[in-house]
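K.L.:
Pasting a structure here, questions to come.
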Amino acid sequence: MIVKMAGVPKWRKILYENQGVPDNYVDESFLDELKKNLYTRTYSYQTLLVESGAITQQLSSVSIFVVSFMYMEEKWLSPQLLVLVTSLATLALYFVNILVTDNTLEDRSNRTYVDDVKTAVLFLGISFILSPVLVSLTETISTDTIYAMTTIMLLANLLFHDYTAAPNRVPGALSLSAAMFASVCLASRLHTPWHAFATVTFSFQLFALWPVLRCRLQRYFSIRGQLSMTTTITAATFSALASMTTVGAVLYAVAFLFVTFVCPAWLISLQRFKNNIYGPWDEAEIKVEKEEEKEPR
């Protein structure tokens, strides 16, 4: 509320002196400092089209994981073959990651190749040992409940995934935890410990390792390269879904078109309604100087 009073000395914006006016008093110059849309970012449709690929690629990862479960449940895919193929693919992509990291001069966080091998062996060993337990983990829970929990967890993976994560860390702890929980639920509905081992391992590769490499590839590739990667992944996912369920393939196609083409146009159309105001009423922001920005004495 702005209160105007006549016949008073020139008002100053201070608190330590009694100026004979109420605390909520301001003069006509108060709104001179009003500024609008200082930090408004202008988007281009092409940029949004490319950036939306991160969302569709994560959606593709969830779809491929579900398809792999359905294939194993119908006994169209053996767990040993899935473990073999995904392990070879992970090994090949690991060398791709090394190549991309060396070319972009990114920091490996002081990890050596031996450390990576130890981590892989430890994870595979623990997963293999716990596989017999995972198969019988939810015997007392109905299948409908398991599928409902899996659906909720996979949706949480999509919602809480960190799509702007740095390439040196796993994007989104909550998202990864939800995906692993979903994989454990589905693994408990398969036939043998090998099925459980293959499901958990594949989910870790899809939701923990692949997003990190995907982020690095997006930084490494040009716009055309990013579009090509998104198109290839989308086509492969659509083909896999179509081979199993027509409804799922249609829903995936609709989601892809909506996220890739409709949402960017929608965002651009809403930019004209943006009206952020800035002025002396804003709360003060404390800016801490970083150590590396300090000048040496």
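Convention: chains lettered A, B, ... in structure tokens order; per-chain residue numbering from 1; ligands numbered from 1 as shown.
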Give me the residues within 7 Å of stretch 155-164 of chain A as an NGL selection string, counting only C-alpha atoms and dropping any in the same chain fewer than 2 places off.
P.N.:
:A and (54 or 58-59 or 151-153 or 166 or 171-172 or 174-176 or 178-179)
K.L.:
Quick one: residues within 7 Å of A:Val50, only C-alpha atoms, excluding same-chain residues fewer than 4 positions away - as an mmCIF file with all heavy atoms, in the first residue's frame?
P.N.:
```
data_model
loop_
_atom_site.group_PDB
_atom_site.id
_atom_site.type_symbol
_atom_site.label_atom_id
_atom_site.label_comp_id
_atom_site.auth_asym_id
_atom_site.auth_seq_id
_atom_site.Cartn_x
_atom_site.Cartn_y
_atom_site.Cartn_z
ATOM 1 N N GLN A 46 13.865 -24.140 -32.941
ATOM 2 C CA GLN A 46 14.860 -25.162 -33.269
ATOM 3 C C GLN A 46 15.616 -25.605 -32.020
ATOM 4 O O GLN A 46 15.851 -26.803 -31.817
ATOM 5 C CB GLN A 46 15.843 -24.627 -34.308
ATOM 6 C CG GLN A 46 16.885 -25.649 -34.739
ATOM 7 C CD GLN A 46 17.885 -25.081 -35.731
ATOM 8 O OE1 GLN A 46 17.919 -23.870 -35.966
ATOM 9 N NE2 GLN A 46 18.698 -25.940 -36.315
ATOM 10 N N ILE A 223 24.195 -30.008 -33.468
ATOM 11 C CA ILE A 223 22.735 -30.097 -33.442
ATOM 12 C C ILE A 223 22.244 -31.248 -34.315
ATOM 13 O O ILE A 223 21.340 -31.999 -33.934
ATOM 14 C CB ILE A 223 22.115 -28.761 -33.900
ATOM 15 C CG1 ILE A 223 22.421 -27.672 -32.867
ATOM 16 C CG2 ILE A 223 20.610 -28.900 -34.097
ATOM 17 C CD1 ILE A 223 21.869 -26.317 -33.232
ATOM 18 N N GLN A 226 22.777 -34.520 -32.483
ATOM 19 C CA GLN A 226 21.794 -34.747 -31.432
ATOM 20 C C GLN A 226 20.447 -35.175 -32.010
ATOM 21 O O GLN A 226 19.788 -36.073 -31.484
ATOM 22 C CB GLN A 226 21.634 -33.477 -30.603
ATOM 23 C CG GLN A 226 22.889 -33.082 -29.841
ATOM 24 C CD GLN A 226 22.676 -31.850 -28.993
ATOM 25 O OE1 GLN A 226 21.621 -31.653 -28.416
ATOM 26 N NE2 GLN A 226 23.681 -30.997 -28.926
ATOM 27 N N LEU A 227 20.047 -34.523 -33.093
ATOM 28 C CA LEU A 227 18.789 -34.906 -33.733
ATOM 29 C C LEU A 227 18.859 -36.324 -34.288
ATOM 30 O O LEU A 227 17.886 -37.087 -34.202
ATOM 31 C CB LEU A 227 18.457 -33.918 -34.856
ATOM 32 C CG LEU A 227 18.011 -32.516 -34.417
ATOM 33 C CD1 LEU A 227 17.831 -31.615 -35.631
ATOM 34 C CD2 LEU A 227 16.723 -32.588 -33.614
#
```
K.L.:
Neighbouring residues of A:Val184 were defined as those with any atom within 8 Å, considering only C-alpha atoms; residues of the same chain fewer than 3 positions away were excluded. Please report them as a PDB file with C-alpha atoms, in the first residue's frame.
P.N.:
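Dumped to result-v4.pdb:
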```pdb
ATOM      1  CA  LEU A 134      14.665 -61.023  -5.638  1.00  0.00           C
ATOM      2  CA  MET A 180      15.675 -49.509  -9.439  1.00  0.00           C
ATOM      3  CA  PHE A 181      12.615 -50.087  -7.263  1.00  0.00           C
ATOM      4  CA  ALA A 187      12.201 -58.978 -11.423  1.00  0.00           C
ATOM      5  CA  SER A 188      10.100 -60.629  -8.717  1.00  0.00           C
ATOM      6  CA  ALA A 196      16.044 -61.221 -11.927  1.00  0.00           C
ATOM      7  CA  THR A 199      16.402 -57.252 -15.182  1.00  0.00           C
ATOM      8  CA  VAL A 200      18.282 -55.457 -12.405  1.00  0.00           C
TER       9      VAL A 200
END
```
K.L.:
Could you jot down the atom CA of A:Tyr278 to atom CA of A:Tyr43 separation for me, Å, one decimal place?
P.N.:
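It comes out at 21.4 Å.
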K.L.:
Write out as an mmCIF file with N, CA and C atoms, in the first residue's frame each polymer residue whose atoms come within 10 Å of A:Thr234, counting only C-alpha atoms; drop sequence neighbours fewer than 6 positions from it.
P.N.:
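Wrote out.cif, looks like this:
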```cif
data_model
loop_
_atom_site.group_PDB
_atom_site.id
_atom_site.type_symbol
_atom_site.label_atom_id
_atom_site.label_comp_id
_atom_site.auth_asym_id
_atom_site.auth_seq_id
_atom_site.Cartn_x
_atom_site.Cartn_y
_atom_site.Cartn_z
ATOM 1 N N GLY A 53 14.861 -33.533 -26.965
ATOM 2 C CA GLY A 53 15.359 -34.894 -27.171
ATOM 3 C C GLY A 53 15.748 -35.580 -25.882
ATOM 4 N N THR A 56 12.507 -37.201 -24.581
ATOM 5 C CA THR A 56 12.075 -38.354 -25.373
ATOM 6 C C THR A 56 13.053 -39.518 -25.248
ATOM 7 N N GLN A 57 14.329 -39.237 -25.068
ATOM 8 C CA GLN A 57 15.297 -40.317 -24.883
ATOM 9 C C GLN A 57 15.096 -41.020 -23.546
ATOM 10 N N LEU A 59 12.199 -41.170 -22.020
ATOM 11 C CA LEU A 59 10.958 -41.922 -22.246
ATOM 12 C C LEU A 59 11.246 -43.204 -23.024
ATOM 13 N N SER A 60 12.171 -43.140 -23.962
ATOM 14 C CA SER A 60 12.560 -44.326 -24.726
ATOM 15 C C SER A 60 13.229 -45.359 -23.826
ATOM 16 N N SER A 61 14.041 -44.903 -22.882
ATOM 17 C CA SER A 61 14.707 -45.834 -21.963
ATOM 18 C C SER A 61 13.674 -46.594 -21.138
ATOM 19 N N SER A 228 20.005 -36.689 -34.856
ATOM 20 C CA SER A 228 20.169 -38.044 -35.388
ATOM 21 C C SER A 228 20.099 -39.079 -34.276
ATOM 22 N N ALA A 240 10.404 -51.655 -31.307
ATOM 23 C CA ALA A 240 10.325 -52.650 -30.237
ATOM 24 C C ALA A 240 8.935 -52.704 -29.628
ATOM 25 N N TYR A 252 3.226 -44.218 -27.426
ATOM 26 C CA TYR A 252 4.592 -43.699 -27.452
ATOM 27 C C TYR A 252 4.754 -42.670 -28.564
ATOM 28 N N ALA A 253 4.183 -42.950 -29.734
ATOM 29 C CA ALA A 253 4.277 -42.012 -30.856
ATOM 30 C C ALA A 253 3.575 -40.698 -30.526
ATOM 31 N N PHE A 256 5.723 -38.790 -28.078
ATOM 32 C CA PHE A 256 6.890 -38.226 -28.760
ATOM 33 C C PHE A 256 6.514 -36.972 -29.542
#
```
K.L.:
Name all residues at most 10 Å from A:Leu82 (count only C-alpha atoms; drop same-chain ones fewer than 3 positions away) and give them as a VMD selection string.
P.N.:
chain A and resid 68 72 77 to 79 85 to 88 195 198 to 199 201 to 202
K.L.:
Nearest residue to A:Phe95 out of A:Leu34, A:Leu186, A:Ile64, A:Leu213, using only C-alpha atoms?
P.N.:
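Answer, going by the shortest atom-to-atom distance: A:Leu213.
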K.L.:
Quick one: pull the distance between atom CA of A:Thr150 and atom CA of A:Val62, Å, one decimal.
P.N.:
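Calculated distance between atom CA of A:Thr150 and atom CA of A:Val62 is 11.0 Å.
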K.L.:
Which residue, A:Asp116, A:Glu74, A:Glu33, A:Asp27, has the smallest gap to A:Lys13 when you use only C-alpha atoms?
P.N.:
A:Asp27
K.L.:
DSSP on the backbone, alpha helix (DSSP H) only: what residues of stretch 170-207 of chain A does that give? Format it as number ranges by chain.
P.N.:
A: 173-187, 193-204
K.L.:
May I have the residues within 12 Å of A:Ala249 as a compact mmCIF listing (two decimals) with C-alpha atoms, in the first residue's frame, using only C-alpha atoms and disregarding those fewer than 5 positions away in the same chain?
P.N.:
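Produced file selection-v6.txt, reproduced below:
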```txt
# COMPACT_ATOMS: atom_id res chain seq x y z
CA SER A 60 12.56 -44.33 -24.73
CA SER A 63 9.80 -48.05 -22.86
CA ILE A 64 12.73 -50.30 -23.82
CA VAL A 67 9.59 -54.20 -23.55
CA THR A 234 12.99 -43.15 -31.10
CA ALA A 235 12.73 -45.37 -34.18
CA ALA A 236 14.28 -48.33 -32.36
CA THR A 237 11.93 -47.87 -29.40
CA PHE A 238 8.85 -47.57 -31.60
CA SER A 239 9.81 -50.74 -33.49
CA ALA A 240 10.33 -52.65 -30.24
CA LEU A 241 6.97 -51.52 -28.88
CA ALA A 242 5.17 -52.26 -32.16
CA SER A 243 6.49 -55.82 -32.09
CA MET A 244 4.86 -56.34 -28.70
CA VAL A 254 1.68 -39.57 -29.51
CA ALA A 255 3.87 -38.75 -26.49
CA PHE A 256 6.89 -38.23 -28.76
```
